[in-house]
Every structure is written in C-alpha cells, then in structure tokens.
$ cat run-v8.cif   # mmCIF, C-alpha atoms
data_query
#
loop_
_atom_site.label_atom_id
_atom_site.label_comp_id
_atom_site.auth_asym_id
_atom_site.auth_seq_id
_atom_site.Cartn_x
_atom_site.Cartn_y
_atom_site.Cartn_z
CA MET S 8 0.99 22.41 4.72
CA ALA S 9 -2.64 23.56 4.52
CA GLU S 10 -4.30 24.06 7.88
CA ARG S 11 -6.82 21.34 8.70
CA LYS S 12 -10.44 22.05 9.47
CA PRO S 13 -11.65 21.63 13.08
CA ILE S 14 -12.26 18.03 14.17
CA GLU S 15 -15.95 17.18 14.12
CA SER S 16 -15.79 13.38 14.41
CA TRP S 17 -13.42 10.93 16.05
CA LEU S 18 -12.24 7.40 15.34
CA THR S 19 -10.19 5.60 17.97
CA ASP S 20 -8.56 2.22 18.22
CA MET S 21 -9.52 0.07 21.20
CA ASP S 22 -6.59 -2.01 22.46
CA GLY S 23 -3.64 0.11 23.50
CA VAL S 24 -5.69 3.32 23.40
CA LEU S 25 -8.79 2.83 25.55
CA MET S 26 -7.62 -0.32 27.31
CA HIS S 27 -4.40 -2.24 27.86
CA GLU S 28 -4.37 -5.93 28.81
CA GLY S 29 -7.98 -5.74 29.94
CA VAL S 30 -7.54 -2.60 32.07
CA PRO S 31 -8.87 0.82 31.01
CA VAL S 32 -6.22 3.41 30.22
CA PRO S 33 -6.51 6.40 32.60
CA GLY S 34 -8.60 9.04 30.87
CA ALA S 35 -10.44 6.61 28.57
CA ASP S 36 -13.69 6.86 30.49
CA ALA S 37 -13.53 10.68 30.48
CA PHE S 38 -12.81 10.67 26.74
CA ILE S 39 -15.81 8.45 25.92
CA LYS S 40 -18.06 10.43 28.26
CA ARG S 41 -17.02 13.72 26.64
CA LEU S 42 -17.65 12.30 23.16
CA LYS S 43 -21.14 11.14 24.09
CA GLU S 44 -21.98 14.47 25.74
CA SER S 45 -20.72 16.43 22.73
CA GLY S 46 -23.01 14.65 20.29
CA ARG S 47 -20.13 14.37 17.81
CA PRO S 48 -20.03 11.25 15.61
CA PHE S 49 -17.47 8.71 16.81
CA LEU S 50 -16.39 5.10 16.38
CA VAL S 51 -14.28 2.72 18.41
CA LEU S 52 -12.39 0.48 15.98
CA THR S 53 -10.79 -2.91 16.32
CA ASN S 54 -9.08 -5.23 13.84
CA ASN S 55 -10.19 -8.16 15.98
CA SER S 56 -13.02 -9.98 14.20
CA ILE S 57 -13.88 -12.44 17.00
CA TYR S 58 -16.56 -10.41 18.76
CA THR S 59 -19.81 -8.78 17.68
CA PRO S 60 -20.41 -5.14 18.63
CA ARG S 61 -22.82 -6.37 21.33
CA ASP S 62 -20.07 -8.59 22.76
CA LEU S 63 -17.60 -5.71 22.77
CA HIS S 64 -20.14 -3.34 24.33
CA ALA S 65 -20.51 -5.81 27.20
CA ARG S 66 -16.75 -6.42 27.54
CA LEU S 67 -15.99 -2.70 27.62
CA GLY S 68 -18.85 -2.13 30.06
CA ARG S 69 -17.31 -4.59 32.51
CA ILE S 70 -14.23 -2.37 32.81
CA GLY S 71 -16.24 0.83 33.11
CA LEU S 72 -16.26 2.04 29.49
CA ASP S 73 -19.78 2.63 28.19
CA VAL S 74 -19.49 2.51 24.39
CA PRO S 75 -22.85 2.14 22.58
CA THR S 76 -23.09 -0.81 20.20
CA GLU S 77 -23.67 1.47 17.22
CA ASN S 78 -20.35 3.21 17.91
CA ILE S 79 -18.25 0.04 17.54
CA TRP S 80 -16.71 -0.82 14.18
CA THR S 81 -14.83 -4.10 13.65
CA SER S 82 -12.85 -5.58 10.79
CA ALA S 83 -15.62 -8.19 10.51
CA LEU S 84 -18.24 -5.47 9.90
CA ALA S 85 -15.96 -3.76 7.39
CA THR S 86 -15.36 -7.08 5.62
CA ALA S 87 -19.09 -7.82 5.42
CA GLN S 88 -19.74 -4.32 4.07
CA PHE S 89 -17.02 -4.79 1.45
CA LEU S 90 -18.48 -8.12 0.30
CA ASP S 91 -21.99 -6.66 0.17
CA ASP S 92 -20.68 -3.85 -2.05
CA GLN S 93 -18.71 -6.22 -4.28
CA ARG S 94 -21.09 -9.16 -4.66
CA PRO S 95 -24.46 -8.67 -2.89
CA GLY S 96 -26.22 -11.81 -1.71
CA GLY S 97 -23.18 -14.00 -2.26
CA THR S 98 -21.84 -17.09 -0.55
CA ALA S 99 -18.80 -17.57 1.65
CA TYR S 100 -16.88 -20.24 3.47
CA ALA S 101 -15.91 -18.46 6.69
CA ILE S 102 -13.27 -19.36 9.24
CA GLY S 103 -13.82 -17.33 12.38
CA GLU S 104 -16.03 -16.64 15.36
CA ALA S 105 -19.45 -15.07 15.91
CA GLY S 106 -18.20 -11.57 15.09
CA LEU S 107 -17.52 -12.62 11.51
CA THR S 108 -20.34 -15.08 10.89
CA THR S 109 -22.95 -12.73 12.38
CA ALA S 110 -21.73 -9.84 10.21
CA LEU S 111 -21.94 -12.01 7.10
CA HIS S 112 -25.42 -13.25 8.00
CA ASP S 113 -26.60 -9.71 8.64
CA ILE S 114 -25.73 -8.57 5.11
CA GLY S 115 -27.55 -11.54 3.61
CA TYR S 116 -24.66 -13.86 2.84
CA VAL S 117 -25.11 -17.62 2.84
CA LEU S 118 -22.35 -19.56 4.59
CA SER S 119 -21.48 -22.60 2.53
CA ASP S 120 -18.61 -24.86 1.58
CA ALA S 121 -20.26 -25.78 -1.74
CA ASP S 122 -18.52 -23.71 -4.44
CA PRO S 123 -18.60 -20.43 -2.44
CA ASP S 124 -17.87 -17.04 -3.97
CA TYR S 125 -15.36 -16.30 -1.22
CA VAL S 126 -13.22 -17.89 1.43
CA VAL S 127 -13.24 -15.41 4.31
CA LEU S 128 -10.56 -15.82 6.96
CA GLY S 129 -11.02 -14.17 10.34
CA GLU S 130 -9.74 -14.50 13.87
CA THR S 131 -10.35 -17.54 16.06
CA ARG S 132 -8.60 -19.04 19.06
CA THR S 133 -9.11 -22.55 17.64
CA TYR S 134 -7.95 -22.70 14.03
CA SER S 135 -8.89 -26.11 12.68
CA PHE S 136 -6.55 -28.02 10.39
CA GLU S 137 -9.61 -29.49 8.71
CA ALA S 138 -11.11 -26.03 8.09
CA LEU S 139 -7.82 -24.69 6.73
CA THR S 140 -7.48 -27.68 4.41
CA LYS S 141 -11.00 -27.05 3.11
CA ALA S 142 -10.22 -23.36 2.60
CA ILE S 143 -7.09 -24.22 0.62
CA ARG S 144 -9.00 -26.60 -1.64
CA LEU S 145 -11.83 -24.12 -2.21
CA ILE S 146 -9.35 -21.37 -3.14
CA ASN S 147 -7.57 -23.76 -5.49
CA ASP S 148 -10.97 -24.43 -7.07
CA GLY S 149 -11.56 -20.72 -7.70
CA ALA S 150 -12.99 -19.13 -4.53
CA ARG S 151 -11.77 -15.57 -3.96
CA PHE S 152 -9.60 -15.15 -0.85
CA ILE S 153 -10.51 -12.42 1.68
CA ALA S 154 -9.07 -11.88 5.17
CA THR S 155 -10.46 -9.58 7.83
CA ASN S 156 -7.09 -8.14 8.88
CA PRO S 157 -3.34 -8.68 8.45
CA ASP S 158 -2.34 -8.80 12.15
CA GLU S 159 0.20 -11.60 12.46
CA THR S 160 -0.06 -12.12 16.21
CA GLY S 161 -2.52 -11.38 18.98
CA PRO S 162 -1.97 -10.95 22.72
CA SER S 163 -2.78 -13.42 25.48
CA ALA S 164 -1.84 -13.85 29.11
CA GLU S 165 0.62 -16.57 28.07
CA GLY S 166 2.20 -14.58 25.24
CA ALA S 167 1.72 -14.06 21.51
CA LEU S 168 -0.86 -16.08 19.58
CA PRO S 169 -0.88 -16.66 15.81
CA ALA S 170 -3.50 -14.38 14.28
CA THR S 171 -5.20 -13.87 10.93
CA GLY S 172 -2.13 -12.63 9.07
CA SER S 173 -0.04 -15.64 10.04
CA VAL S 174 -2.75 -18.11 9.08
CA ALA S 175 -3.35 -16.25 5.82
CA ALA S 176 0.35 -16.70 5.03
CA LEU S 177 -0.04 -20.45 5.51
CA ILE S 178 -2.95 -20.52 3.05
CA THR S 179 -1.03 -18.34 0.60
CA LYS S 180 1.94 -20.70 0.77
CA ALA S 181 -0.33 -23.64 -0.01
CA THR S 182 -2.31 -21.97 -2.81
CA GLY S 183 -0.13 -19.24 -4.27
CA ARG S 184 -3.06 -16.86 -3.76
CA HIS S 185 -2.78 -13.73 -1.63
CA PRO S 186 -5.84 -12.48 0.27
CA TYR S 187 -7.36 -9.04 0.12
CA PHE S 188 -7.07 -7.69 3.67
CA VAL S 189 -9.94 -5.38 4.61
CA GLY S 190 -8.86 -4.25 8.10
CA LYS S 191 -6.20 -1.71 9.10
CA PRO S 192 -3.89 -0.54 7.64
CA ASN S 193 -6.24 -0.67 4.65
CA PRO S 194 -7.85 2.80 4.65
CA LEU S 195 -11.01 1.14 3.32
CA MET S 196 -11.92 0.21 6.90
CA MET S 197 -11.66 3.87 7.92
CA ARG S 198 -13.63 5.15 4.96
CA ALA S 199 -16.39 2.59 5.47
CA GLY S 200 -16.54 3.56 9.14
CA LEU S 201 -16.80 7.26 8.30
CA ASN S 202 -19.62 6.51 5.87
CA ALA S 203 -21.41 4.52 8.58
CA ILE S 204 -21.56 7.57 10.86
CA GLY S 205 -21.99 10.19 8.14
CA ALA S 206 -18.59 11.77 8.76
CA HIS S 207 -16.00 13.27 6.40
CA SER S 208 -12.26 12.63 6.39
CA GLU S 209 -11.30 16.31 6.22
CA THR S 210 -13.00 16.96 9.58
CA SER S 211 -12.18 13.63 11.29
CA ALA S 212 -9.34 12.31 13.44
CA MET S 213 -7.94 8.84 14.14
CA ILE S 214 -6.34 7.92 17.46
CA GLY S 215 -4.15 4.82 17.58
CA ASP S 216 -1.24 3.19 19.37
CA ARG S 217 0.43 1.71 16.27
CA MET S 218 2.23 3.65 13.57
CA ASP S 219 2.08 0.74 11.12
CA THR S 220 -1.69 0.22 11.24
CA ASP S 221 -3.66 2.98 12.98
CA VAL S 222 -1.64 6.00 11.92
CA ARG S 223 -0.95 4.68 8.44
CA ALA S 224 -4.62 3.87 7.78
CA GLY S 225 -5.75 7.21 9.17
CA MET S 226 -3.21 9.09 7.10
CA GLU S 227 -4.09 7.24 3.90
CA ALA S 228 -7.80 7.88 4.52
CA GLY S 229 -7.09 11.60 4.85
CA LEU S 230 -7.71 11.95 8.60
CA GLU S 231 -5.79 13.91 11.20
CA THR S 232 -3.85 11.33 13.22
CA PHE S 233 -2.89 11.06 16.87
CA LEU S 234 -0.43 8.47 18.17
CA VAL S 235 -0.74 7.58 21.86
CA LEU S 236 2.21 5.98 23.64
CA THR S 237 0.17 3.54 25.78
CA GLY S 238 0.32 0.65 23.32
CA LEU S 239 2.64 -1.06 20.87
CA THR S 240 4.62 1.76 19.24
CA LYS S 241 7.24 3.01 21.69
CA PRO S 242 8.66 6.56 21.79
CA ASP S 243 12.04 5.52 20.34
CA GLU S 244 10.31 3.82 17.37
CA VAL S 245 8.23 6.77 16.16
CA ASP S 246 10.91 8.36 13.99
CA ARG S 247 11.81 5.10 12.28
CA PHE S 248 8.70 5.23 10.09
CA PRO S 249 8.75 7.04 6.73
CA TYR S 250 5.53 8.89 7.64
CA ARG S 251 4.47 10.85 10.70
CA ALA S 252 1.42 11.17 12.89
CA SER S 253 -0.14 14.64 13.01
CA SER S 254 0.54 14.63 16.77
CA VAL S 255 2.10 12.30 19.35
CA VAL S 256 0.66 12.38 22.89
CA ASP S 257 1.28 10.36 26.02
CA SER S 258 -2.26 8.96 26.30
CA ILE S 259 -5.93 9.39 25.50
CA ALA S 260 -6.21 11.60 28.59
CA ASP S 261 -4.32 14.32 26.68
CA LEU S 262 -7.10 14.51 24.07
CA VAL S 263 -10.15 14.90 26.29
CA GLU S 264 -9.99 18.69 26.07
CA ARG S 265 -9.75 18.54 22.27
CA ILE S 266 -13.37 17.36 21.96
#
$ encode --input "run-v8.cif" --output "structure tokens"
Amino acid sequence: MAERKPIESWLTDMDGVLMHEGVPVPGADAFIKRLKESGRPFLVLTNNSIYTPRDLHARLGRIGLDVPTENIWTSALATAQFLDDQRPGGTAYAIGEAGLTTALHDIGYVLSDADPDYVVLGETRTYSFEALTKAIRLINDGARFIATNPDETGPSAEGALPATGSVAALITKATGRHPYFVGKPNPLMMRAGLNAIGAHSETSAMIGDRMDTDVRAGMEAGLETFLVLTGLTKPDEVDRFPYRASSVVDSIADLVERI
C-alpha cells in the first residue's frame, strides 16, 4: 500500500466522536482547540439536518466545545449544494426543520408544493401524515425524490426515534420511487465538504464512530480514516465489515497529538 501524505485537514463526525448523549467526550475540547490553533482546515460533520450551523454552534458551545459556524457541515447543507449544482434556482417541497429549509433558501430555492422540481425529505421530530401524503402525491406526479441522509433511527432520552431513512422507506413503498441520499455514507457529502474548505482528499482524514457511515464515506472519498470506539460501532464489530479503517483508536483524545 502506498504511504499516505501527511494530514493537512480534518473532518470529524459530531455525535459519538465529540459528544455522546449531550456530554462532551473527554479530549474533544483539546482536539478542537488544537485544530483552531494549528490553522489547519477542518469541518465537524453531522447527518442530522434539523439544525442550522448557527444552532449547532450554540448547542456545542453550551457543553464547552467552541466550533465556529463556518466549520460545521450538515447533510442539509450538502443537500442544498447538490441541488444548486444539479438544478440552480429550482423549487422544492421540503419536509424538515430550519436546518433544511434555511439551507434551501440560502441557495435560492423556492419552497413550494405547486409542481416542485424536488421533494426533499429531511429530519423532523414531528413528521406529519398530511405532509407525507402530499410528498407521495407530488412524487407520483413527477417530482424527483431526494433525502438528506439514510439514517433509519435517531437517539432520544426515551429510546430510538424513526429518522429520515425509515420515513423515506415509507414513501418508497407508497410510490415505488427510491430517493437519492446525499448524506453519509455517500462520499459526495465528504467531497462537497472538502471543496467548501479548500482541502484535498489525499491530505485529509475523517474521524467517525460508525464503520457503516463515517468510515465507509471517508474511505470512498479517498481520505485516511480513524474509527473511535466512543460511539455506535463496538470493538467486537469492527472486523465484521468487509473494509477497514486506516486506524482504530479508543477516543478523540488519542488524536490530539496527530494535529
């Protein structure tokens, strides 16, 4: 295997890497501080499309992690960028929260249920039967089906919640149409993020807690990959996957000295 070039830019997942159930992972604050001091390009990524970068900046700040707004990259931003590249100035019927609708507004999209170019499905804690019915009818009438991410469940204090992937499956069952998922493990989200910070895959690394999304997307985008064991993928599950992370470490604290 050819030796990789030194890491000049970093991408890291948020939940399970920097924080876990609303509590910062030990070492996360030191990692972010070292990144900012180094001047190296970096992004904190999340498949969650509910929040805007400003929202996430504030939420992370409340637990002691100071991540600048411009260093946050969400599946909603990646989806908006994809639509702007595909069909600039288009129209969309969006199901989701402010993270998604703000991203679509910011790239000049008009949100409409009158013959839209796209139905865009994102994350929300209050999926409406009426909105899903409208989405199904619009897709049946020819709207293109896009979803921010394929995550099937999301965490809550009470247990698992149905997420975008599960709701997308419902729409697919009703229409026969499969969505194009923009978020991880689609490497498109990584590549768009790298472009946003002027970074290159051959000198970039991705840190994640999931083999099936973070590591896979990083690998397919050509990045060096680090799996941390503070999130969803457990040590005894690592070898079950047909691909490997470049390195497996206990937590983000083990990577501070790599910056």
$ resolve_selection --input "run-v8.cif" --expression "the PyMOL selection byres ((chain S and resi 38) around 8)" --output "number ranges by chain"
S: 34-37, 39-42, 259-260, 262-263
$ atom_distance --input "run-v8.cif" --atom1 "atom CA of S:Ser56" --atom2 "atom CA of S:Arg251"
27.4 Å
$ atom_distance --input "run-v8.cif" --atom1 "atom CA of S:Arg198" --atom2 "atom CA of S:Pro60"
18.4 Å
$ resolve_selection --input "run-v8.cif" --expression "the PyMOL selection byres ((chain S and resi 52) around 6)" --output "list in words"
Thr19, Asp20, Met21, Val51, Thr53, Trp80 and Thr81 of chain S
$ residues_around --input "run-v8.cif" --residues "stretch 211-220 of chain S" --least-positions-apart "6" --cutoff "10 Å" --atoms "only C-alpha atoms" --output "ChimeraX atom specification"
/S:11-25,48-52,54,157-158,190-194,197,201,226,228-241,244-248,250-256,258-259,262
$ build_atoms --input "run-v8.cif" --residues "stretch 139-150 of chain S" --atoms "all heavy atoms" --output "compact mmCIF listing (two decimals), in the frame of the given file"
# COMPACT_ATOMS: atom_id res chain seq x y z
N LEU S 139 -8.84 -25.30 7.58
CA LEU S 139 -7.82 -24.69 6.73
C LEU S 139 -7.59 -25.50 5.46
O LEU S 139 -7.41 -24.94 4.37
CB LEU S 139 -6.51 -24.55 7.51
CG LEU S 139 -6.54 -23.60 8.72
CD1 LEU S 139 -5.20 -23.61 9.44
CD2 LEU S 139 -6.91 -22.18 8.29
N THR S 140 -7.63 -26.81 5.59
CA THR S 140 -7.48 -27.68 4.41
C THR S 140 -8.63 -27.44 3.43
O THR S 140 -8.42 -27.33 2.22
CB THR S 140 -7.45 -29.15 4.84
OG1 THR S 140 -6.34 -29.37 5.71
CG2 THR S 140 -7.34 -30.07 3.63
N LYS S 141 -9.84 -27.31 3.97
CA LYS S 141 -11.00 -27.05 3.11
C LYS S 141 -10.86 -25.69 2.44
O LYS S 141 -11.15 -25.55 1.24
CB LYS S 141 -12.28 -27.11 3.93
CG LYS S 141 -13.56 -26.95 3.11
CD LYS S 141 -14.79 -27.25 3.94
CE LYS S 141 -14.86 -28.73 4.28
NZ LYS S 141 -16.13 -29.07 4.97
N ALA S 142 -10.40 -24.69 3.19
CA ALA S 142 -10.22 -23.36 2.60
C ALA S 142 -9.22 -23.39 1.46
O ALA S 142 -9.43 -22.79 0.41
CB ALA S 142 -9.75 -22.39 3.69
N ILE S 143 -8.12 -24.11 1.66
CA ILE S 143 -7.09 -24.22 0.62
C ILE S 143 -7.66 -24.86 -0.64
O ILE S 143 -7.45 -24.38 -1.76
CB ILE S 143 -5.89 -25.03 1.16
CG1 ILE S 143 -5.13 -24.19 2.20
CG2 ILE S 143 -4.97 -25.49 0.03
CD1 ILE S 143 -4.15 -24.99 3.05
N ARG S 144 -8.43 -25.91 -0.48
CA ARG S 144 -9.00 -26.60 -1.64
C ARG S 144 -10.04 -25.73 -2.36
O ARG S 144 -10.10 -25.72 -3.60
CB ARG S 144 -9.60 -27.93 -1.20
CG ARG S 144 -8.53 -28.94 -0.76
CD ARG S 144 -9.11 -30.18 -0.13
NE ARG S 144 -8.02 -31.10 0.26
CZ ARG S 144 -8.20 -32.17 1.01
NH1 ARG S 144 -9.41 -32.47 1.50
NH2 ARG S 144 -7.17 -32.95 1.31
N LEU S 145 -10.84 -25.00 -1.59
CA LEU S 145 -11.83 -24.12 -2.21
C LEU S 145 -11.15 -22.99 -2.98
O LEU S 145 -11.60 -22.61 -4.08
CB LEU S 145 -12.76 -23.54 -1.13
CG LEU S 145 -13.72 -24.54 -0.48
CD1 LEU S 145 -14.43 -23.90 0.71
CD2 LEU S 145 -14.75 -25.06 -1.49
N ILE S 146 -10.08 -22.43 -2.44
CA ILE S 146 -9.35 -21.37 -3.14
C ILE S 146 -8.70 -21.93 -4.40
O ILE S 146 -8.73 -21.30 -5.47
CB ILE S 146 -8.30 -20.73 -2.20
CG1 ILE S 146 -9.02 -19.94 -1.09
CG2 ILE S 146 -7.35 -19.82 -2.97
CD1 ILE S 146 -8.12 -19.51 0.04
N ASN S 147 -8.14 -23.12 -4.30
CA ASN S 147 -7.57 -23.76 -5.49
C ASN S 147 -8.62 -24.01 -6.56
O ASN S 147 -8.32 -24.01 -7.76
CB ASN S 147 -6.90 -25.09 -5.11
CG ASN S 147 -5.53 -24.89 -4.47
OD1 ASN S 147 -4.87 -23.87 -4.71
ND2 ASN S 147 -5.10 -25.85 -3.67
N ASP S 148 -9.88 -24.19 -6.13
CA ASP S 148 -10.97 -24.43 -7.07
C ASP S 148 -11.61 -23.14 -7.58
O ASP S 148 -12.58 -23.19 -8.35
CB ASP S 148 -12.05 -25.30 -6.41
CG ASP S 148 -11.61 -26.75 -6.23
OD1 ASP S 148 -10.67 -27.17 -6.93
OD2 ASP S 148 -12.22 -27.45 -5.40
N GLY S 149 -11.09 -21.98 -7.13
CA GLY S 149 -11.56 -20.72 -7.70
C GLY S 149 -12.22 -19.74 -6.76
O GLY S 149 -12.60 -18.63 -7.18
N ALA S 150 -12.40 -20.10 -5.48
CA ALA S 150 -12.99 -19.13 -4.53
C ALA S 150 -12.03 -17.96 -4.33
O ALA S 150 -10.81 -18.14 -4.29
CB ALA S 150 -13.29 -19.81 -3.20
